[in-house]
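Take a look at the structure below.
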Amino acid sequence: MHDILIIGGGAAGLTAAIAARAEDPEARVAILERNPRLARKLAATGNGRCNLSHRDCGAALYHCDDRNFIRRALECFDEVATEVFFAGLGITLREDEQGRRYPHSEQAETVVAGLINRARETGIELVAEATAIAAERISETVAGGGSGESAGGGLSSSAGSQMVGGGFRVDTAEGRSLRCRRLVLAGGGAAGLPQAIGFPVYAIAAGFGHRINKLQPVLTQLLAVDPAIQQLRGVRCKAQLSLFADGSLKAVEDGELQLTDRGLSGIAIFDLSRSIKPGAKQIEIVIDLYPEWSETALTEWIYEQRAASPERSWESLLEGMVHKKLAAWLARRYPLREPADLSRLLKGWRMSVSGCAGLDRAQVTRGGVSCREVDPVSLESRLAAELYLVGEMLDVDGPSGGRNLQWAWASGYLAGKAAGRREE
Ligand SMILES: Cc1cc2nc3c(=O)[nH]c(=O)nc-3n(C[C@H](O)[C@H](O)[C@H](O)COP(=O)(O)OP(=O)(O)OC[C@H]3O[C@@H](n4cnc5c(N)ncnc54)[C@H](O)[C@@H]3O)c2cc1C
């Protein structure tokens, strides 16, 4: 019988385990991880640099199906607490000009090793290649009808006997069966993974009565309607990007636009993807390739260029202003007659989008376990005592810049601390 069993050895699960052991150094804590290696996704974050937090992780930045939940949870564990937590693991952080925080080494492996080493040093059992497929409450009959066991999602009672909480039993796909007093679900989301692998931890949460909000991809590429976009594959440019859906402006982001064989990518596009509601129609990205210039100033400049070299083609003029591949493409596809046509195009290049790339291509999952059924301070289920839910599997997601890992540390830490607390 473990005191605390954690399903999922990623960012939130490892943090929960470390916090639980720190709270109760005597507790028997184990993590079940389906991969041969723990924290595999964490090792790939931030292009291998692990953007683990941000100077601004305010609750208003996050999507959550319960605003009070996210506000309260992030009050209890904020970005300063993250710094303190990593200092405790011997990991120093550095911040870039935009406020994104990384390990000073700029290597995600530093973070992975720091968490796993601390888990090992403190005696946490790390069980790899163990996929939890079912979890049930074990109820013990303590009065009247003698003593016995029955399994089920909740506690029940029958005539002449009383059922009390006896912990949980967790079964794995590999044929193991483990018991624990407290159970933490830290299985992560469905983003960035082949969908064929399946996500049994959502089903486990649902088995305890939890509502699972529809899963959707966020922080992901947008798919262009025009297949000719593939000719621009590899083009990168700084731009201001405005998202319109169903005729109204939804969001604006500045940053690097990356063109791929299927559409638009880059951090600014990822952030815009969070503003696309399911079922939205007529999605359009308006690209301002000259955000620092007014349209009038740009028109005047083009006019002067044309006046100085009247024989120069539009393509040749564009080559001095944007990526060469893009210059040829724009000149070929858009009828340009006068300077104002070109400045309008450069300030308002419109691209129709059919939607977001799938969950397997996304960085983060929107949807998952409803936060309305979870306590924001302890992350304990309001439906099943001594069951905790953390990380991306909850219906919380933040913008890029370290906010999603901040949520993993915050929720993992709060749940671990609560699960490790000994009863008086
Ligand atoms: C390519 C990429 C880059 C990213 N970069 C950043 C970044 O720089 N900054 C940032 O803030 N966020 C980033 N994210 C998002 C971030 O990685 C996640 O939000 C975060 O890892 C969520 O933590 P988690 O512990 O909830 O889930 P995970 O880290 O996914 O961990 C869940 C773990 O549970 C295991 N598991 C699942 N089901 C079972 C089961 N049934 N039994 C046993 N084990 C199970 C999984 O194998 C996994 O190891 C990135 C995501 C991707 C895909």
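Residue numbers start at 1 in each chain; chains themselves are named A, B, ... in the order of the structure tokens; ligands are numbered from 1 in the order shown.
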List all protein, DNA and RNA residues that have any atom at most 7 Å from ligand 1, counting only C-alpha atoms and all ligand atoms, and write the list as a PyMOL selection string.
-> chain A and resi 7-13+32-35+38-42+44-47+50-53+130-133+186-189+191-192+199-201+362-364+390-393+400-406+408
Contacts between range 336-355 of chain A and range 190-280 of chain A, please, where a residue of range 190-280 of chain A counts if it comes within 8 Å (with only C-alpha atoms); show its shortest atom pair and distance in Å to one decimal, rows by chain and ascending number, as a Markdown table.
| residue | atom | partner | partner_atom | distance |
| --- | --- | --- | --- | --- |
| A:Leu222 | CA | A:Gly355 | CA | 5.8 |
| A:Leu223 | CA | A:Val353 | CA | 5.5 |
| A:Ala224 | CA | A:Val353 | CA | 4.4 |
| A:Val225 | CA | A:Val353 | CA | 5.2 |
| A:Asp226 | CA | A:Ser352 | CA | 7.4 |
| A:Gly263 | CA | A:Val353 | CA | 8.0 |
| A:Ile276 | CA | A:Gly355 | CA | 7.7 |
DSSP on the backbone, then: every residue of range 68-121 of chain A marked alpha helix (DSSP H), written as a short mmCIF file (atom, residue, chain, number, x, y, z; two decimals) with C-alpha atoms, in the first residue's frame.
data_model
loop_
_atom_site.label_atom_id
_atom_site.label_comp_id
_atom_site.auth_asym_id
_atom_site.auth_seq_id
_atom_site.Cartn_x
_atom_site.Cartn_y
_atom_site.Cartn_z
CA ASN A 68 -12.28 31.74 -9.51
CA PHE A 69 -10.49 28.40 -9.58
CA ILE A 70 -7.55 29.61 -11.66
CA ARG A 71 -7.28 32.92 -9.80
CA ARG A 72 -7.20 31.22 -6.40
CA ALA A 73 -4.78 28.45 -7.45
CA LEU A 74 -2.29 30.90 -8.99
CA GLU A 75 -2.51 33.11 -5.90
CA CYS A 76 -1.41 30.10 -3.84
CA GLU A 79 5.89 32.67 -10.53
CA VAL A 80 7.95 33.62 -7.45
CA ALA A 81 7.06 30.28 -5.88
CA THR A 82 8.32 28.60 -9.07
CA GLU A 83 11.68 30.35 -8.70
CA VAL A 84 11.88 29.25 -5.06
CA PHE A 85 10.93 25.67 -6.00
CA PHE A 86 13.67 25.46 -8.63
CA ALA A 87 16.21 27.12 -6.33
CA GLY A 88 15.40 24.28 -3.93
CA ALA A 108 15.48 21.40 -20.69
CA GLU A 109 17.57 18.41 -19.58
CA THR A 110 18.71 20.45 -16.56
CA VAL A 111 15.10 20.66 -15.42
CA VAL A 112 14.34 17.01 -16.17
CA ALA A 113 17.46 15.84 -14.33
CA GLY A 114 16.80 18.21 -11.40
CA LEU A 115 13.30 16.81 -10.87
CA ILE A 116 14.20 13.15 -11.37
CA ASN A 117 17.31 13.37 -9.18
CA ARG A 118 15.34 14.98 -6.36
CA ALA A 119 12.66 12.31 -6.69
CA ARG A 120 15.28 9.54 -6.51
CA GLU A 121 17.24 11.14 -3.63
#
Taking into account only C-alpha atoms, which residue in the set A:Asp171, A:Asp261, A:Glu304, A:Asp395 is nearest to Lys214 in chain A?
->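 Among A:Asp171, A:Asp261, A:Glu304, A:Asp395, it is A:Asp395 that comes nearest to Lys214 in chain A.
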Using only C-alpha atoms, which residue out of A:Gly207, A:Gly166, A:Pro217, A:Gly266 lies closest to Arg236 in chain A?
->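 Of A:Gly207, A:Gly166, A:Pro217, A:Gly266, the one nearest Arg236 in chain A, counting only C-alpha atoms, is A:Gly266.
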Hey, which of A:Leu317, A:Val252, A:Leu257, A:Leu219 ends up closest to Arg233 in chain A? Count only C-alpha atoms.
->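 Nearest to Arg233 in chain A: A:Leu257.
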